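Q: First, the structure itself, so that you have it in front of you.
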Amino acid sequence: MRLKERHLKGFEGKLILVAMTLGLLAVTIMILSNGFMLEEATKRWALVISTLGAAQIAVQNLTFLQPHFPLYVLMPFYYIPGLDTGAAPYLVSVLGATVLLFMWDRDLREVEISPFRHVTLALLIIIHPCFLWAATSGGYLIMSMIAFYLLYRGCQHIISDHDIHSYIMLAVVFMAYFFVDSAAIFIFVALLPLIVVVAPIRTVMVSPSGLYLIVGTPLAFAIGTWAYMNWIFEGSFLHFITNADSAYLGGKLHIEEFPWLMQYGGQLLMPFLAATGYMLVAYPVSIYLLLDTIDNGYRFRASFVLLLHPLVAIAIATSQEYLSHPFEILSLISAGLMAELTYVKMQTRREFVILVLFMLVSVVGGWWLFAETSNAQMKEWMQALQGPVVRTAEEDTDLALGLWLKDNPQPTILFEKYAYKVIAARGNTNNLFLSFSNEFKSNLRQRVPDMQQIALPDPHTLRGRKDWVNGRFPHMYEYGMTGYRLVYDHLGWRVYRKKSHV
Amino acid sequence: MSRPGEAAKPRIGELLVSRGLISNEQLEEALQQQRDSGGRLGDIILARGWVTTVVFYDALTDHFRKGRIGDLLLERGMISEDQLAEAILIQKEWGSRIGDIIQSKGWVKPIVMGKLLAEHFDKPHVDLTADRFDEKLLDRDHLSTYSTYLFVPWRRENGLLKVAMADVTPDLLTTVSETVGEPFDFVLTSKFDIIWMVQEVGDLYYGFRAVHELANVLPQFSASRVFTDRQLLVLAIMIAVFVVSMYFWPVGTLIAVNVIISIFLILNFMLRMVLTWVGGDKRYDQVVTDEEVLALDDKTLPIYTILLPMYHESATLPHIAQALRSLDYPLAKLDIKLVLEQDDDETINTAKDLGLEGIFEIIRIPDCLPKTKPKACNYAMNFCRGELVTIYDGEDAPEPDQLKKMVIAFRKGPKNMAVIQGRLNYFNVAENWLTRMFTMEYSLWFDFYLPALDALNIPIPLGGTSNHFKIEVLRELRGWDPYNVTEDCDLGVRLTQNGYRVGVVNSTTFEEANNSIPNWLRQRSRWLKGYMQSFLVHTRTPIKLYKELGAVGFWGFQFFIGGTIVSALLTPVMFLMYFIWLVTDTLAFNPYFPPFVLYLTLFNLLIANGMLIYLFMLSGFKRRYFGLIPWSLTVPFYWFLQSWAGYKGLWQLINKPFYWEKTHHGLTSFTASHDVGEGEKKS
């Protein structure tokens, strides 16, 4: 009978989660139809379709300037008809959120709460702006949250079980994390001092170095592997942290664009204090959990780590001028909170009500803080939740060129690194010769290129100056080239076509 | 003969009649015969077959017995009152007989005990070396029964068969009765007399059986033939296909070879990751808890045989004897066999000089080929009396509760559980780099891999020692393969193939890690050669193997045993290519590494190798040998040694397939101990 009840509960739980997933999907469709587009998502999608559309599929064409896992998960969608509009990253976000919710649902069974309470908690988790942003914005933050959730579960297991599985889990998650998010290294460094809280004191006293080696070696191998891949394909072990376009540098080279870095970049204590303030506003529930577990050594240690870890990570990442916005790491608390809830006692009505109240306050505080501190993309997202977004001229330009190229699919040379929106709008790279292709390279070696179409951005713009085709043929944009005629000229983009192909 | 003050005993005839075992007429007839031709009445009644020996002694035990053994020993001044009191206390705990307890304690020698037993039962005591048995009475088919149960038909007197026995119990009398199949009476002798004489007579029989029984009865499992015709044919076809492909499509063929190798190595790596994860699961880690051991009733414990095959290891003998005495198991229920080669006078003399307790027996193995440990164990199996049997090496230090844990594990396990492997580890962990590597490797193997293989029902390659068998299964499968130089690995697979389970239990035996590279190479090349033998034996009929093991078991076997061999052989080739490329920057390899293959190879080089190093770290961590963890970064050098040994093993498989490359023990300067904390105990 109990087993049957459990099955029923499990089934109900799954139904609820499916409903929530559909809800998230609906929200995503709504914000997309309202014109929201995450630049980073577009960039990733463009990179994927550029790579998979090339004559020879090569991993190095993805570049080693950002973690590859978020790109790999997009790859299967390239082959699904109808997803060439660039919706795949958003779908992946929603799916990621679903995976996280299902994992949480599985782990939450240990607590044995009623379906009503389950739904209440799930709703409170989902409507927190950090979760909703991660789940619907098309970024890879939701994957970081999954990694963080597993990481935190690993910490909890070390505290409660202290078995070899928990150490392996922690170490392997860190390794995987590195391939998911360039901020993983800061998350790792921030956890180092807290390991002494997580691991049994006996182990810490006997062999701290052994402990750190066990937790950190896979991550070290991951970094080594990455450096080696950079050396093999790019000629330098440090390419991924020396190249100006690298995601591993975060906001370091564009501090002026990020108010957070402008204010706290290079400091350690101040961003820590600021992040603490943010946390108190967006996640006061963390404080409640800490106080609630004060009489339980094991759970208190876990709550303590959840409270401090993201704050330390924010401080370190800011001190290295990496973190462009505190929410990039602060949002992970949502995942940590989910993990924490699998350990929290909420059997009595009082306990549950207090927890819900704190979570509710967290949601309200979170939305307020999100609105107050949001960057341009976050603002757009919030705007899209309420109605249509007004797009800038430049974005329209890229979109227009992409759509034009879609209608004029002749073989075209295009330097893709700053034209990812063009590629995303075109939907595929058939007949598009990008910088890593042999055709692109050989044409750029010739005095007069031999290609049906050549797309060029205005050399007076920033991306125009960085464009390799402009670099090779500096006058082409303005004056054209013998044998070519201008066929497209719209707000900073020109396309020249070979005269023989009218 | 009545003692003063005791009531006179009723006569045998009257007792038998009063119990209805014989009639008055039969008694009269027997008495008449006694009057006519002399002899003892009991012998006449037994010879007539009116009463079986078992029933006869069951009815008349008290008639024959002269007091209690303990009292007799005390009377003779052979033990003190304190010793007797201690023995009685122990008896309450162990449930063993006083005589066995006293012998196991070494207070009385077996020969003396034999004489006392004879007196106790009012029977003659014979010295078989002086009063040899009549060989015509021996049934060669029953030689193993004689040596196992310690009795032997001695002589025929007045038409009645006299059987020389080392002990008398109702069960034993039943066994004797079933074996000899005729009326008999018994005389008493020392168990060593029986062992030596039976060995003397049955040397050839035991020797032949030890070497050839498996090959004769179950030839499909014998490594006496390295390659079958079919295997050679398949090999020839593969070579032919490769040569033809190389001729017509050299690049494509080499790419294909690269792909196959890369995918194999990835799968091999993934299997090891899965095994580490599963093996690290608490459920498989603590099969038997300390509480269960504490709750065990010693009275219920079975006789346990311990085989100690040794060759030129006299130095380690005192140590292992002490280690076995220290086992938390009723000594009286131990049946310890020192399995020594006939030409190893040094160890035999040491064993004699040590004056070991009666539970130790020396089994001398006749000097014949192949001179291998499995042959010695097969030979000794004829003399095993235990329900369970295990093997230890001379330098082993098993955890004291190991035997008890095994008994519990057998009881908890399924009925078809035939063998349980104890974990092996080393006591001289920190002696040098090699011992550190070896320790981490063993920790990984026994603390992660084997429990996982057990959980996933993949054939377990048993380790060289501390594998605990149900003896009847061992006998049913004809013991170890004397032609296989890793006979335990082979046996583990054979058991699984025959529907038996092989388990692993959380009890460790600490051994001496090889601390010398040449010695290590000898040992490892033998192991890898044995793995090759085992792989060849069990893949003779792959489809049958698949049906017997199932998909998981079959592929697990292919990758676990096959993977160990292949990766050892491939490592130097792959690394050589890599270093050539690294140093020369050559483009010559480029055609053979198209992107897809390149990524697979890079994955193997970076992630797989990195994680395999990490597994070594985990092994040290789990064992709490924290000092080993940094050393695991040097494990690639150990892989090269492994490869060296692999090629040596392959060479030997072709040239000297049955040659047993002996590992020298006793090279360490560390003290053997089961209480190991990173092996810091230096002698």
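Ligands are numbered from 1 in the order shown, chains are lettered A, B, ... in the order of the structure tokens, and residues start at 1 in each chain.
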Kindly provide the residues of chain A that approach chain B to within 12 Å, each paired with its closest atom pair and their distance in Å to one decimal, based on only C-alpha atoms, listed by chain and increasing number, as CSV.
A:
residue,atom,partner,partner_atom,distance
A:Gln56,CA,B:Pro595,CA,8.7
A:Ile57,CA,B:Pro595,CA,8.0
A:Ala58,CA,B:Pro595,CA,6.4
A:Val59,CA,B:Pro595,CA,8.2
A:Gln60,CA,B:Pro595,CA,9.7
A:Asn61,CA,B:Pro595,CA,11.5
A:Asp161,CA,B:Lys282,CA,9.6
A:His162,CA,B:Lys282,CA,10.5
A:Asp163,CA,B:Lys282,CA,7.4
A:Ile164,CA,B:Gly280,CA,6.0
A:His165,CA,B:Gly280,CA,6.1
A:Ser166,CA,B:Gly280,CA,9.7
A:Tyr167,CA,B:Leu618,CA,9.0
A:Ile168,CA,B:Leu618,CA,8.1
A:Met169,CA,B:Trp277,CA,9.4
A:Ala171,CA,B:Tyr614,CA,9.9
A:Val172,CA,B:Met611,CA,9.5
A:Met175,CA,B:Ile607,CA,10.2
A:Ala176,CA,B:Ile607,CA,11.3
A:Arg202,CA,B:Arg624,CA,11.0
A:Thr203,CA,B:Arg624,CA,8.7
A:Val204,CA,B:Phe626,CA,10.8
A:Met205,CA,B:Phe626,CA,11.3
A:Val206,CA,B:Phe626,CA,8.0
A:Ser207,CA,B:Phe626,CA,6.2
A:Pro208,CA,B:Phe626,CA,9.1
A:Ser209,CA,B:Phe626,CA,8.4
A:Gly210,CA,B:Phe626,CA,5.5
A:Leu211,CA,B:Phe621,CA,8.1
A:Tyr212,CA,B:Ile629,CA,10.2
A:Leu213,CA,B:Ile629,CA,7.4
A:Ile214,CA,B:Met617,CA,6.8
A:Val215,CA,B:Leu618,CA,10.0
A:Gly216,CA,B:Tyr614,CA,10.1
A:Thr217,CA,B:Tyr614,CA,7.1
A:Pro218,CA,B:Met611,CA,6.9
A:Leu219,CA,B:Gly610,CA,10.2
A:Ala220,CA,B:Gly610,CA,9.4
A:Phe221,CA,B:Gly610,CA,6.1
A:Ala222,CA,B:Ile607,CA,7.4
A:Ile223,CA,B:Leu606,CA,10.5
A:Gly224,CA,B:Leu606,CA,8.2
A:Thr225,CA,B:Leu606,CA,5.8
A:Trp226,CA,B:Leu606,CA,9.3
A:Ala227,CA,B:Leu606,CA,10.7
A:Tyr228,CA,B:Leu606,CA,8.5
A:Met229,CA,B:Leu602,CA,8.5
A:Trp231,CA,B:Leu582,CA,11.8
A:Ile232,CA,B:Leu602,CA,10.1
A:Phe233,CA,B:Leu598,CA,11.6
Q: Which residues, written as a PyMOL selection string, have at least one atom at most 12 Å from Ser334 (chain A), with only C-alpha atoms counted and residues fewer than 4 positions away on the same chain left out?
A: chain A and resi 97+100-101+104+121-122+124-135+141-142+144-146+148-149+152+279+282-286+306-307+310+327-330+338-341+359+362-363+366
Q: Report, in Å with one decimal, the straight-line distance from CA of Lys252 (chain A) to CA of Ile185 (chain A).
A: 15.3 Å
Q: Quick one: residues within 9 Å of Phe151 (chain B), only C-alpha atoms counted, chain neighbours fewer than 4 positions away excluded, as a list in words?
A: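 Final neighbour list, sorted by chain and number: Thr145, Tyr146, Ser147, Val163, Ala164, Met165, Ala166, Asp167, Leu172, Val176, Thr189, Lys191, Ile194 and Ile195 of chain B.
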Q: So which bits of region 401-544 of chain B end up strand (DSSP E or B) when you DSSP the backbone, as number ranges by chain?
A: B: 417-426, 467-470, 501-511
Q: Mind writing the picked residues with N, CA and C atoms as a PDB file, in the first residue's frame?
A:
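Done, and the output landed in out.pdb:
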ATOM      1  N   MET B 417      26.926 -19.538  -4.504  1.00  0.00           N
ATOM      2  CA  MET B 417      28.177 -18.824  -4.203  1.00  0.00           C
ATOM      3  C   MET B 417      29.259 -19.881  -3.944  1.00  0.00           C
ATOM      4  N   ALA B 418      30.253 -19.912  -4.805  1.00  0.00           N
ATOM      5  CA  ALA B 418      31.253 -20.974  -4.708  1.00  0.00           C
ATOM      6  C   ALA B 418      32.568 -20.501  -4.122  1.00  0.00           C
ATOM      7  N   VAL B 419      32.851 -19.248  -4.311  1.00  0.00           N
ATOM      8  CA  VAL B 419      34.127 -18.736  -3.818  1.00  0.00           C
ATOM      9  C   VAL B 419      33.970 -17.267  -3.455  1.00  0.00           C
ATOM     10  N   ILE B 420      34.700 -16.884  -2.440  1.00  0.00           N
ATOM     11  CA  ILE B 420      34.696 -15.477  -2.047  1.00  0.00           C
ATOM     12  C   ILE B 420      36.144 -15.010  -1.952  1.00  0.00           C
ATOM     13  N   GLN B 421      36.378 -13.920  -2.610  1.00  0.00           N
ATOM     14  CA  GLN B 421      37.737 -13.381  -2.625  1.00  0.00           C
ATOM     15  C   GLN B 421      37.896 -12.345  -1.513  1.00  0.00           C
ATOM     16  N   GLY B 422      38.922 -12.523  -0.725  1.00  0.00           N
ATOM     17  CA  GLY B 422      39.267 -11.488   0.237  1.00  0.00           C
ATOM     18  C   GLY B 422      40.050 -10.412  -0.491  1.00  0.00           C
ATOM     19  N   ARG B 423      40.135  -9.253   0.105  1.00  0.00           N
ATOM     20  CA  ARG B 423      40.891  -8.189  -0.540  1.00  0.00           C
ATOM     21  C   ARG B 423      42.374  -8.338  -0.235  1.00  0.00           C
ATOM     22  N   LEU B 424      43.160  -7.968  -1.167  1.00  0.00           N
ATOM     23  CA  LEU B 424      44.606  -8.057  -0.954  1.00  0.00           C
ATOM     24  C   LEU B 424      45.197  -6.654  -0.929  1.00  0.00           C
ATOM     25  N   ASN B 425      46.158  -6.504  -0.092  1.00  0.00           N
ATOM     26  CA  ASN B 425      46.866  -5.236  -0.037  1.00  0.00           C
ATOM     27  C   ASN B 425      48.260  -5.506   0.515  1.00  0.00           C
ATOM     28  N   TYR B 426      49.018  -4.462   0.713  1.00  0.00           N
ATOM     29  CA  TYR B 426      50.416  -4.670   1.079  1.00  0.00           C
ATOM     30  C   TYR B 426      50.775  -4.012   2.408  1.00  0.00           C
ATOM     31  N   ASN B 467      41.509 -16.499  -1.494  1.00  0.00           N
ATOM     32  CA  ASN B 467      40.223 -16.837  -2.097  1.00  0.00           C
ATOM     33  C   ASN B 467      39.691 -18.058  -1.361  1.00  0.00           C
ATOM     34  N   HIS B 468      38.467 -17.963  -0.956  1.00  0.00           N
ATOM     35  CA  HIS B 468      37.892 -18.967  -0.049  1.00  0.00           C
ATOM     36  C   HIS B 468      36.828 -19.765  -0.796  1.00  0.00           C
ATOM     37  N   PHE B 469      37.060 -21.061  -0.914  1.00  0.00           N
ATOM     38  CA  PHE B 469      36.193 -21.900  -1.740  1.00  0.00           C
ATOM     39  C   PHE B 469      35.323 -22.817  -0.898  1.00  0.00           C
ATOM     40  N   LYS B 470      34.175 -23.169  -1.489  1.00  0.00           N
ATOM     41  CA  LYS B 470      33.456 -24.335  -0.984  1.00  0.00           C
ATOM     42  C   LYS B 470      34.159 -25.527  -1.612  1.00  0.00           C
ATOM     43  N   ARG B 501      28.550 -18.342  -8.376  1.00  0.00           N
ATOM     44  CA  ARG B 501      28.835 -16.945  -8.084  1.00  0.00           C
ATOM     45  C   ARG B 501      30.204 -16.819  -7.426  1.00  0.00           C
ATOM     46  N   VAL B 502      30.860 -15.750  -7.752  1.00  0.00           N
ATOM     47  CA  VAL B 502      32.138 -15.430  -7.116  1.00  0.00           C
ATOM     48  C   VAL B 502      31.928 -14.111  -6.372  1.00  0.00           C
ATOM     49  N   GLY B 503      32.168 -14.112  -5.100  1.00  0.00           N
ATOM     50  CA  GLY B 503      31.920 -12.904  -4.313  1.00  0.00           C
ATOM     51  C   GLY B 503      33.201 -12.251  -3.837  1.00  0.00           C
ATOM     52  N   VAL B 504      33.032 -11.092  -3.269  1.00  0.00           N
ATOM     53  CA  VAL B 504      34.174 -10.376  -2.692  1.00  0.00           C
ATOM     54  C   VAL B 504      33.747  -9.883  -1.314  1.00  0.00           C
ATOM     55  N   VAL B 505      34.636 -10.006  -0.354  1.00  0.00           N
ATOM     56  CA  VAL B 505      34.271  -9.604   1.003  1.00  0.00           C
ATOM     57  C   VAL B 505      35.287  -8.606   1.544  1.00  0.00           C
ATOM     58  N   ASN B 506      34.792  -7.737   2.385  1.00  0.00           N
ATOM     59  CA  ASN B 506      35.607  -6.660   2.929  1.00  0.00           C
ATOM     60  C   ASN B 506      36.516  -7.134   4.054  1.00  0.00           C
ATOM     61  N   SER B 507      37.428  -7.977   3.706  1.00  0.00           N
ATOM     62  CA  SER B 507      38.463  -8.370   4.663  1.00  0.00           C
ATOM     63  C   SER B 507      39.767  -8.446   3.888  1.00  0.00           C
ATOM     64  N   THR B 508      40.782  -7.900   4.468  1.00  0.00           N
ATOM     65  CA  THR B 508      42.024  -7.747   3.707  1.00  0.00           C
ATOM     66  C   THR B 508      43.118  -8.675   4.212  1.00  0.00           C
ATOM     67  N   THR B 509      43.855  -9.187   3.260  1.00  0.00           N
ATOM     68  CA  THR B 509      45.084  -9.900   3.582  1.00  0.00           C
ATOM     69  C   THR B 509      46.236  -9.025   3.116  1.00  0.00           C
ATOM     70  N   PHE B 510      47.135  -8.778   4.011  1.00  0.00           N
ATOM     71  CA  PHE B 510      48.269  -7.934   3.657  1.00  0.00           C
ATOM     72  C   PHE B 510      49.441  -8.819   3.240  1.00  0.00           C
ATOM     73  N   GLU B 511      49.984  -8.462   2.098  1.00  0.00           N
ATOM     74  CA  GLU B 511      51.079  -9.245   1.540  1.00  0.00           C
ATOM     75  C   GLU B 511      52.325  -8.376   1.431  1.00  0.00           C
TER      76      GLU B 511
END
Q: I'd like the interatomic distance between CA of Val407 (chain B) and CA of Leu218 (chain B), to a tenth of an Å.
A: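 Atom-to-atom, CA of Val407 (chain B) to CA of Leu218 (chain B), that is 29.0 Å.
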Q: Ranking B:Tyr284, B:Phe427, B:Trp480, B:Phe579 by minimum distance to Asn378 (chain B) and counting only C-alpha atoms, which one comes first?
A: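 So, comparing all the options, the nearest one is B:Trp480.
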Q: Can you tell me, as JSON, numbers by chain, which residues in region 389-439 of chain A count as helix (DSSP H, G or I) by DSSP?
A: {"A": [393, 394, 395, 396, 397, 398, 399, 400, 401, 402, 403, 404, 405, 406, 407, 416, 417, 418, 420, 421, 422, 423, 424, 425, 426, 438, 439]}
Q: Which residue is closest to Tyr304 (chain B)? Choose from B:Cys377, B:Met406, B:Val257, B:Leu369 and count only C-alpha atoms.
A: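 Closest candidate: B:Met406.
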Q: Write out as a PyMOL selection string the residues lying within 8 Å of region 482-490 of chain B, counting only C-alpha atoms and excluding same-chain residues fewer than 3 positions away.
A: chain B and resi 210-211+222-224+370+372-375+460-464+493-494+526-527+529-531+533-534+658-660
Q: Those selected residues, please, written with C-alpha atoms and delivered as a short mmCIF file (atom, residue, chain, number, x, y, z; two decimals), in the first residue's frame.
A:
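The result, stored in result.cif:
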data_model
loop_
_atom_site.label_atom_id
_atom_site.label_comp_id
_atom_site.auth_asym_id
_atom_site.auth_seq_id
_atom_site.Cartn_x
_atom_site.Cartn_y
_atom_site.Cartn_z
CA ALA B 210 46.82 -33.00 -9.86
CA VAL B 211 48.34 -32.49 -13.28
CA SER B 222 42.47 -26.63 -19.68
CA ALA B 223 45.25 -24.37 -20.82
CA SER B 224 47.40 -27.39 -21.62
CA PRO B 370 54.74 -28.71 -14.26
CA THR B 372 53.41 -24.92 -10.35
CA LYS B 373 51.38 -23.67 -7.46
CA PRO B 374 48.07 -24.93 -8.91
CA LYS B 375 49.48 -28.41 -9.23
CA ILE B 460 36.01 -12.16 -11.31
CA PRO B 461 39.64 -12.99 -11.90
CA LEU B 462 40.52 -14.28 -8.46
CA GLY B 463 43.67 -13.07 -6.79
CA GLY B 464 46.54 -15.36 -5.98
CA VAL B 493 35.93 -17.30 -14.83
CA ARG B 494 35.37 -21.05 -14.97
CA ARG B 526 53.63 -14.37 -15.38
CA TRP B 527 50.35 -12.74 -14.47
CA LYS B 529 50.84 -14.48 -19.56
CA GLY B 530 48.28 -16.20 -17.37
CA TYR B 531 45.67 -13.62 -18.35
CA GLN B 533 46.09 -18.08 -21.28
CA SER B 534 42.80 -17.56 -19.47
CA PHE B 658 53.64 -23.28 -18.84
CA TYR B 659 56.79 -21.92 -17.30
CA TRP B 660 56.09 -20.64 -13.81
#
Q: Pick out the closest residue to Ile561 (chain B) from this set: B:Lys648, B:Lys405, B:Lys109, B:Arg272. Count only C-alpha atoms.
A: B:Arg272
Q: Rounded to one decimal, what separation in Å do you get between CA of Pro302 (chain B) and CA of Phe360 (chain B)?
A: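 Between these atoms lies a distance of 17.0 Å.
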Q: Fewer than 5 positions away in the same chain doesn't count, so skip those; otherwise give me all residues within 7 Å of Phe240 (chain A), counting only C-alpha atoms, as a PDB file with C-alpha atoms, in the first residue's frame.
A:
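The file below, selection.pdb, is the result:
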ATOM      1  CA  PHE A  64      38.658  27.169 -27.558  1.00  0.00           C
ATOM      2  CA  LEU A  65      37.668  30.530 -26.256  1.00  0.00           C
ATOM      3  CA  ASN A 230      44.756  25.114 -27.338  1.00  0.00           C
ATOM      4  CA  SER A 246      37.979  34.662 -24.786  1.00  0.00           C
ATOM      5  CA  TYR A 248      37.574  32.931 -19.871  1.00  0.00           C
TER       6      TYR A 248
END
Q: Applying 8 Å and only C-alpha atoms, which residues near Thr85 (chain A) remain after dropping the ones on its own chain fewer than 6 positions away? List them as a compact mmCIF listing (two decimals) with N, CA and C atoms, in the first residue's frame.
A:
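Resulting contents of out.txt:
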# COMPACT_ATOMS: atom_id res chain seq x y z
N ALA A 424 23.08 33.37 -37.65
CA ALA A 424 21.89 32.85 -36.95
C ALA A 424 20.63 33.17 -37.75
N ALA A 425 20.59 34.39 -38.33
CA ALA A 425 19.40 34.77 -39.10
C ALA A 425 19.31 33.96 -40.40
N GLY A 427 20.34 30.96 -40.75
CA GLY A 427 19.83 29.64 -40.33
C GLY A 427 20.73 28.48 -40.68
Q: Show me, as a PDB file with N, CA and C atoms, in the first residue's frame, the residues that have an atom within 7 Å of Gln453 (chain A) when counting only C-alpha atoms, minus same-chain residues fewer than 3 positions from it.
A:
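To be explicit, this is the file written out as around-v4.pdb:
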ATOM      1  N   GLN A 410      24.112  32.014 -52.789  1.00  0.00           N
ATOM      2  CA  GLN A 410      25.321  31.725 -53.555  1.00  0.00           C
ATOM      3  C   GLN A 410      26.515  31.610 -52.604  1.00  0.00           C
ATOM      4  N   PRO A 411      27.553  30.941 -53.057  1.00  0.00           N
ATOM      5  CA  PRO A 411      28.756  30.851 -52.206  1.00  0.00           C
ATOM      6  C   PRO A 411      29.244  32.244 -51.805  1.00  0.00           C
ATOM      7  N   THR A 412      29.403  32.417 -50.495  1.00  0.00           N
ATOM      8  CA  THR A 412      29.723  33.755 -49.976  1.00  0.00           C
ATOM      9  C   THR A 412      30.846  33.662 -48.953  1.00  0.00           C
ATOM     10  N   ILE A 413      31.748  34.639 -49.032  1.00  0.00           N
ATOM     11  CA  ILE A 413      32.791  34.748 -48.004  1.00  0.00           C
ATOM     12  C   ILE A 413      32.277  35.694 -46.920  1.00  0.00           C
ATOM     13  N   VAL A 495      27.395  43.647 -49.789  1.00  0.00           N
ATOM     14  CA  VAL A 495      27.730  42.362 -50.405  1.00  0.00           C
ATOM     15  C   VAL A 495      28.056  42.631 -51.872  1.00  0.00           C
ATOM     16  N   TYR A 496      29.250  42.124 -52.272  1.00  0.00           N
ATOM     17  CA  TYR A 496      29.654  42.235 -53.682  1.00  0.00           C
ATOM     18  C   TYR A 496      29.510  40.875 -54.333  1.00  0.00           C
ATOM     19  N   ARG A 497      29.066  40.931 -55.604  1.00  0.00           N
ATOM     20  CA  ARG A 497      28.873  39.659 -56.316  1.00  0.00           C
ATOM     21  C   ARG A 497      29.700  39.673 -57.600  1.00  0.00           C
ATOM     22  N   LYS A 498      30.208  38.535 -57.937  1.00  0.00           N
ATOM     23  CA  LYS A 498      31.007  38.415 -59.171  1.00  0.00           C
ATOM     24  C   LYS A 498      30.135  38.759 -60.367  1.00  0.00           C
TER      25      LYS A 498
END
Q: Which is closer to His142 (chain B) than all the others in B:Ile362, B:Leu294, B:Asn382, B:Arg48, using only C-alpha atoms?
A: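 Using only C-alpha atoms, His142 (chain B) sits closest to B:Asn382.
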